[in-house]
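Engineer: Before anything else, here's the structure in question.
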Amino acid sequence: MSFQNAMQDGRFSVIIPNWNGQHYLQVCLDALRNQSYPDIEVIIADNASEDGSQTFIREWYPEVVLVELPENRGFTGACNAGMEVATGEYIALLNNDTEVKPDWVQNVIDALKRYPEASFAASKMLLFDQRDTFHTAGDFFRVDGMPGNRGVWEKDMGQYDEEEFVFSACGGSSVYRRDMLEDVGFLDDDFYFSCEDIDLSWRAQLQGYRCLYVPSAIVYHQLSATGGGVTASYYNGRNYIYLLVKDYPTDLWRQYWFAILRTQFRLAWDALKAWRGAAARARLRGTLRGLLDIPKLLRKRQRVQSQRRVSKAYLESILTPLDSTKT
């Protein structure tokens with residue numbers, strides 16, 4: 001593609017949150033340097049790293065826009081800081097422990113041009129060390145309130161090779177049109193870590209913005225730098241409650257309330273049975289924190305639900321049913 005054509009398609013801004021991830025950055029940034037699409041802006045939002053990440057970036061990748069935060073503001077805070085300075089018509093979030101294929105940007109832009117009704121896009125994320133195994137083919141949200149990765153841990157046998165609309169794009173490699181973000185807003189900082197991408201997708205879907213899964217936009221993910229264990233357990237427990245209180249529409253609550261409560265009780269019971277484990281106790285603490293935060297969330301809910309533009313039938317068409325075998 002010529003630079004003139006790229007200019008017509010628009011600048012593509014990539015925002016990479018980083019916290020002590022210097023050992024991942026060379027693979028990630030070299031892959032972005034090798035993109036076939038020429039008009040790319042790379043922004044690293046650094047959460048006060050102490051491993052020399054900032055010096056490494058300035059010395060070896062001077063073209064990168066480095067946003068240095070004075071403290072660790074989590075995934076959401078770093079991404080939002082990057083979004084604030086991004087100049088592209090397309091704004092992507094990318095984990096620092098990823099490697100994108102050379103045509104990643106071009107394939108996303110081409111797909112969004114083919115589907116003008118799509119306002120954000122999900123990549124095909126495969127495991128870095130097992131490149132025939134899925135991390136996600138776009139994210140789903142089940143009617144009982146459970147989010148998740150489509151195809152997670154499945155072997156890539158071509159079952160997710162079709163472009164299709166999905167509920168959400170995983171924040172580790174998501175792409176948004178700027179005009180959608182200007183309307184819907186950035187990530188909710190209260191989520192901090194985990195499910196912030198699902199929350200953004202709920203707000204977008206409620207306003208009629210659609211998410212396209214692009215199987216030709218391939219990203220390899222190391223699953224190493226983005227948290228896990230106790231941290232993930234706490235924020236999953238808390239943020240699943242956040243999603244249900246803030247985003248889940250009333251008419252769907254009326255229909256699926258029993259399935260929602262049954263699922264939450266099952267998650268809590270499983271954690272109680274494993275209470276000797278640190279992750280299980282963190283899950284319980286997170287769930288309790290979510291319940292205590294309900295008054296704050298209800299204030300947010302009023303604003304989110306007042307901006308809804310779509311029907312219940314549309315929402316049910318993009319949510320995953322309880323009996324689905326392909327999530």
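In the structure tokens, chains take letters A, B, ... by order of appearance, with residues numbered from 1 within each chain and ligands from 1 in the order shown.
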Mind listing the strand (DSSP E or B) residues of range 78-157 of chain A, per DSSP on the backbone, as a PyMOL selection string?

Structural biologist: chain A and resi 90-94+98-100+118-127+133-136+139-142+147-149+155

Engineer: Please run DSSP on the backbone and report, as an NGL selection string, all residues within range 79-252 of chain A that come out as alpha helix (DSSP H).

Structural biologist: :A and (79-85 or 104-114 or 178-184 or 196-206 or 229-246 or 250-252)

Engineer: Kindly provide the residues of range 192-228 of chain A that approach range 114-119 of chain A to within 9 Å, each paired with its closest atom pair and their distance in Å to one decimal, based on only C-alpha atoms, listed by chain and increasing number, as a Markdown table.

Structural biologist:
```
| residue | atom | partner | partner_atom | distance |
| --- | --- | --- | --- | --- |
| A:Ala204 | CA | A:Ser119 | CA | 8.7 |
| A:Tyr209 | CA | A:Ser119 | CA | 5.7 |
| A:Arg210 | CA | A:Ala118 | CA | 4.8 |
| A:Cys211 | CA | A:Ala118 | CA | 5.6 |
| A:Leu212 | CA | A:Ala118 | CA | 5.9 |
```

Engineer: So, with only C-alpha atoms as the atoms that count, which of A:Ala111, A:Val230, A:Leu187, A:Val152 lies closest to Gly82 in chain A?

Structural biologist: A:Leu187

Engineer: Given only C-alpha atoms, how would the per-residue table for range 186-277 of chain A near range 303-315 of chain A read, listing every residue at most 8 Å away with its closest atom pair and distance in Å to one decimal, sorted by chain and number, as JSON lines?

Structural biologist:
```
{"residue": "A:Arg203", "atom": "CA", "partner": "A:Val304", "partner_atom": "CA", "distance": 6.6}
{"residue": "A:Gln205", "atom": "CA", "partner": "A:Leu315", "partner_atom": "CA", "distance": 7.8}
{"residue": "A:Leu206", "atom": "CA", "partner": "A:Arg308", "partner_atom": "CA", "distance": 4.8}
{"residue": "A:Gln207", "atom": "CA", "partner": "A:Arg309", "partner_atom": "CA", "distance": 4.9}
{"residue": "A:Gly208", "atom": "CA", "partner": "A:Val310", "partner_atom": "CA", "distance": 5.9}
{"residue": "A:Lys246", "atom": "CA", "partner": "A:Val304", "partner_atom": "CA", "distance": 7.3}
{"residue": "A:Asp247", "atom": "CA", "partner": "A:Val304", "partner_atom": "CA", "distance": 6.8}
{"residue": "A:Pro249", "atom": "CA", "partner": "A:Gln305", "partner_atom": "CA", "distance": 6.9}
{"residue": "A:Asp251", "atom": "CA", "partner": "A:Lys312", "partner_atom": "CA", "distance": 7.1}
{"residue": "A:Leu252", "atom": "CA", "partner": "A:Lys312", "partner_atom": "CA", "distance": 7.3}
```

Engineer: Any idea what the distance is between CA of Gly290 in chain A and CA of Asp190 in chain A?

Structural biologist: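 Atom-to-atom, CA of Gly290 in chain A to CA of Asp190 in chain A, that is 11.0 Å.
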
Engineer: Excluding range 253-259 of chain A and residues on its chain fewer than 5 positions from it, collect all residues at most 8 Å away from it, counting only C-alpha atoms, and give them as a VMD selection string.

Structural biologist: chain A and resid 143 to 144 248

Engineer: Excluding Ile318 in chain A and residues on its chain fewer than 4 positions from it, collect all residues at most 8 Å away from it, counting only C-alpha atoms, and give them as a ChimeraX atom specification.

Structural biologist: /A:165-167,314

Engineer: Produce a file of the selected residues containing N, CA and C atoms, as a JSON list (two decimals), in the first residue's frame.

Structural biologist:
```json
[["chain", "number", "residue", "atom", "x", "y", "z"],
["A", 165, "PHE", "N", -19.86, -10.97, 13.39],
["A", 165, "PHE", "CA", -20.07, -10.05, 14.49],
["A", 165, "PHE", "C", -20.06, -10.83, 15.80],
["A", 166, "VAL", "N", -19.38, -10.27, 16.79],
["A", 166, "VAL", "CA", -19.28, -10.87, 18.11],
["A", 166, "VAL", "C", -19.65, -9.82, 19.16],
["A", 167, "PHE", "N", -19.69, -10.25, 20.41],
["A", 167, "PHE", "CA", -20.08, -9.29, 21.45],
["A", 167, "PHE", "C", -18.98, -8.29, 21.75],
["A", 314, "TYR", "N", -32.27, -7.49, 19.62],
["A", 314, "TYR", "CA", -30.89, -7.33, 19.13],
["A", 314, "TYR", "C", -29.89, -7.81, 20.17]]
```

Engineer: With only C-alpha atoms as the counted atoms, please give the residues lying no more than 7 Å from range 10-17 of chain A, apart from itself and same-chain residues fewer than 5 positions off, as a ChimeraX atom specification.

Structural biologist: /A:39-46,75,78-79,82,86-96

Engineer: Limited to N, CA and C atoms, could you put the picked residues into a file as a compact mmCIF listing (two decimals), in the first residue's frame?

Structural biologist:
```txt
# COMPACT_ATOMS: atom_id res chain seq x y z
N ASP A 39 1.18 4.12 8.10
CA ASP A 39 0.84 5.26 8.96
C ASP A 39 0.39 4.77 10.33
N ILE A 40 1.37 4.38 11.14
CA ILE A 40 1.09 3.84 12.46
C ILE A 40 1.74 4.70 13.53
N GLU A 41 0.99 5.00 14.54
CA GLU A 41 1.49 5.72 15.72
C GLU A 41 1.50 4.74 16.89
N VAL A 42 2.67 4.55 17.49
CA VAL A 42 2.80 3.64 18.62
C VAL A 42 2.97 4.46 19.89
N ILE A 43 2.12 4.19 20.87
CA ILE A 43 2.13 4.90 22.14
C ILE A 43 2.29 3.88 23.26
N ILE A 44 3.29 4.07 24.10
CA ILE A 44 3.42 3.24 25.29
C ILE A 44 3.08 4.09 26.50
N ALA A 45 2.08 3.64 27.25
CA ALA A 45 1.70 4.31 28.49
C ALA A 45 2.32 3.50 29.63
N ASP A 46 3.33 4.06 30.26
CA ASP A 46 4.11 3.33 31.25
C ASP A 46 3.64 3.63 32.66
N PHE A 75 -4.36 -1.30 34.11
CA PHE A 75 -4.57 -1.41 32.67
C PHE A 75 -5.45 -0.27 32.16
N ALA A 78 -3.66 3.30 32.27
CA ALA A 78 -2.63 3.44 31.24
C ALA A 78 -3.26 3.57 29.86
N CYS A 79 -4.23 2.72 29.55
CA CYS A 79 -4.88 2.80 28.24
C CYS A 79 -5.58 4.13 28.03
N GLY A 82 -3.10 6.78 27.21
CA GLY A 82 -2.68 6.67 25.82
C GLY A 82 -3.74 7.17 24.85
N ALA A 86 -3.59 9.96 21.66
CA ALA A 86 -3.62 9.31 20.34
C ALA A 86 -4.21 10.24 19.29
N THR A 87 -3.67 10.20 18.08
CA THR A 87 -4.13 11.07 17.00
C THR A 87 -4.78 10.29 15.86
N GLY A 88 -4.85 8.97 15.95
CA GLY A 88 -5.35 8.16 14.86
C GLY A 88 -6.85 8.15 14.73
N GLU A 89 -7.32 7.82 13.52
CA GLU A 89 -8.74 7.57 13.29
C GLU A 89 -9.15 6.20 13.80
N TYR A 90 -8.15 5.32 13.93
CA TYR A 90 -8.35 4.01 14.55
C TYR A 90 -7.46 3.96 15.79
N ILE A 91 -8.01 3.44 16.89
CA ILE A 91 -7.26 3.38 18.13
C ILE A 91 -7.28 1.94 18.63
N ALA A 92 -6.09 1.35 18.74
CA ALA A 92 -5.96 -0.04 19.14
C ALA A 92 -5.34 -0.13 20.53
N LEU A 93 -5.78 -1.12 21.29
CA LEU A 93 -5.14 -1.49 22.56
C LEU A 93 -4.42 -2.80 22.34
N LEU A 94 -3.17 -2.87 22.78
CA LEU A 94 -2.36 -4.05 22.53
C LEU A 94 -1.52 -4.36 23.78
N ASN A 95 -1.60 -5.60 24.24
CA ASN A 95 -0.76 -6.00 25.38
C ASN A 95 0.72 -5.97 25.00
N ASN A 96 1.56 -5.72 25.99
CA ASN A 96 2.99 -5.65 25.71
C ASN A 96 3.61 -7.03 25.49
```

Engineer: How close does each residue of range 216-252 of chain A get to range 120-131 of chain A, giving the shortest atom pair and distance in Å to one decimal for every residue with an atom at most 12 Å away, counting only C-alpha atoms, sorted by chain and residue number, as JSON lines?

Structural biologist:
```
{"residue": "A:Ser216", "atom": "CA", "partner": "A:Lys124", "partner_atom": "CA", "distance": 7.0}
{"residue": "A:Ala217", "atom": "CA", "partner": "A:Ser123", "partner_atom": "CA", "distance": 5.1}
{"residue": "A:Ile218", "atom": "CA", "partner": "A:Lys124", "partner_atom": "CA", "distance": 4.9}
{"residue": "A:Val219", "atom": "CA", "partner": "A:Met125", "partner_atom": "CA", "distance": 4.7}
{"residue": "A:Tyr220", "atom": "CA", "partner": "A:Phe128", "partner_atom": "CA", "distance": 4.6}
{"residue": "A:His221", "atom": "CA", "partner": "A:Phe128", "partner_atom": "CA", "distance": 4.8}
{"residue": "A:Gln222", "atom": "CA", "partner": "A:Phe128", "partner_atom": "CA", "distance": 4.9}
{"residue": "A:Leu223", "atom": "CA", "partner": "A:Leu127", "partner_atom": "CA", "distance": 7.5}
{"residue": "A:Ser224", "atom": "CA", "partner": "A:Phe128", "partner_atom": "CA", "distance": 10.0}
```

Engineer: Could you list, as a list in words, every residue within 10 Å of Ala31 in chain A, counting only C-alpha atoms and ignoring same-chain residues fewer than 2 positions away?

Structural biologist: Leu25, Gln26, Val27, Cys28, Leu29, Arg33, Asn34, Gln35, Thr98, Glu99, Val100, Lys101, Pro102, Asp103 and Trp104 of chain A

Engineer: Taking only C-alpha atoms into account, name the residue in A:Asp9, A:Asp293, A:Asp270, A:Glu182 that is nearest to Gln106 in chain A.

Structural biologist: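 Once distances to Gln106 in chain A are computed over only C-alpha atoms, the minimum belongs to A:Asp9.
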
Engineer: Can you tell me, as a ChimeraX atom specification, what residues are no more than 9 Å from Pro70 in chain A when counting only C-alpha atoms, ignoring any on the same chain fewer than 3 positions away?

Structural biologist: /A:46-48,73

Engineer: Can you write out the residues you just picked, keeping N, CA and C atoms, as a compact mmCIF listing (two decimals), in the first residue's frame?

Structural biologist:
```txt
# COMPACT_ATOMS: atom_id res chain seq x y z
N ASP A 46 3.33 4.06 30.26
CA ASP A 46 4.11 3.33 31.25
C ASP A 46 3.64 3.63 32.66
N ASN A 47 3.32 2.56 33.40
CA ASN A 47 2.78 2.68 34.75
C ASN A 47 3.90 2.74 35.80
N ALA A 48 4.78 3.75 35.66
CA ALA A 48 5.86 3.97 36.63
C ALA A 48 6.73 2.73 36.79
N ARG A 73 -1.36 3.01 37.36
CA ARG A 73 -2.80 3.26 37.26
C ARG A 73 -3.55 2.10 36.64
```

Engineer: Would you compute the distance between CA of Asp30 in chain A and CA of Trp60 in chain A? Give it in Å to one decimal.

Structural biologist: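 Calculated distance between CA of Asp30 in chain A and CA of Trp60 in chain A is 10.3 Å.
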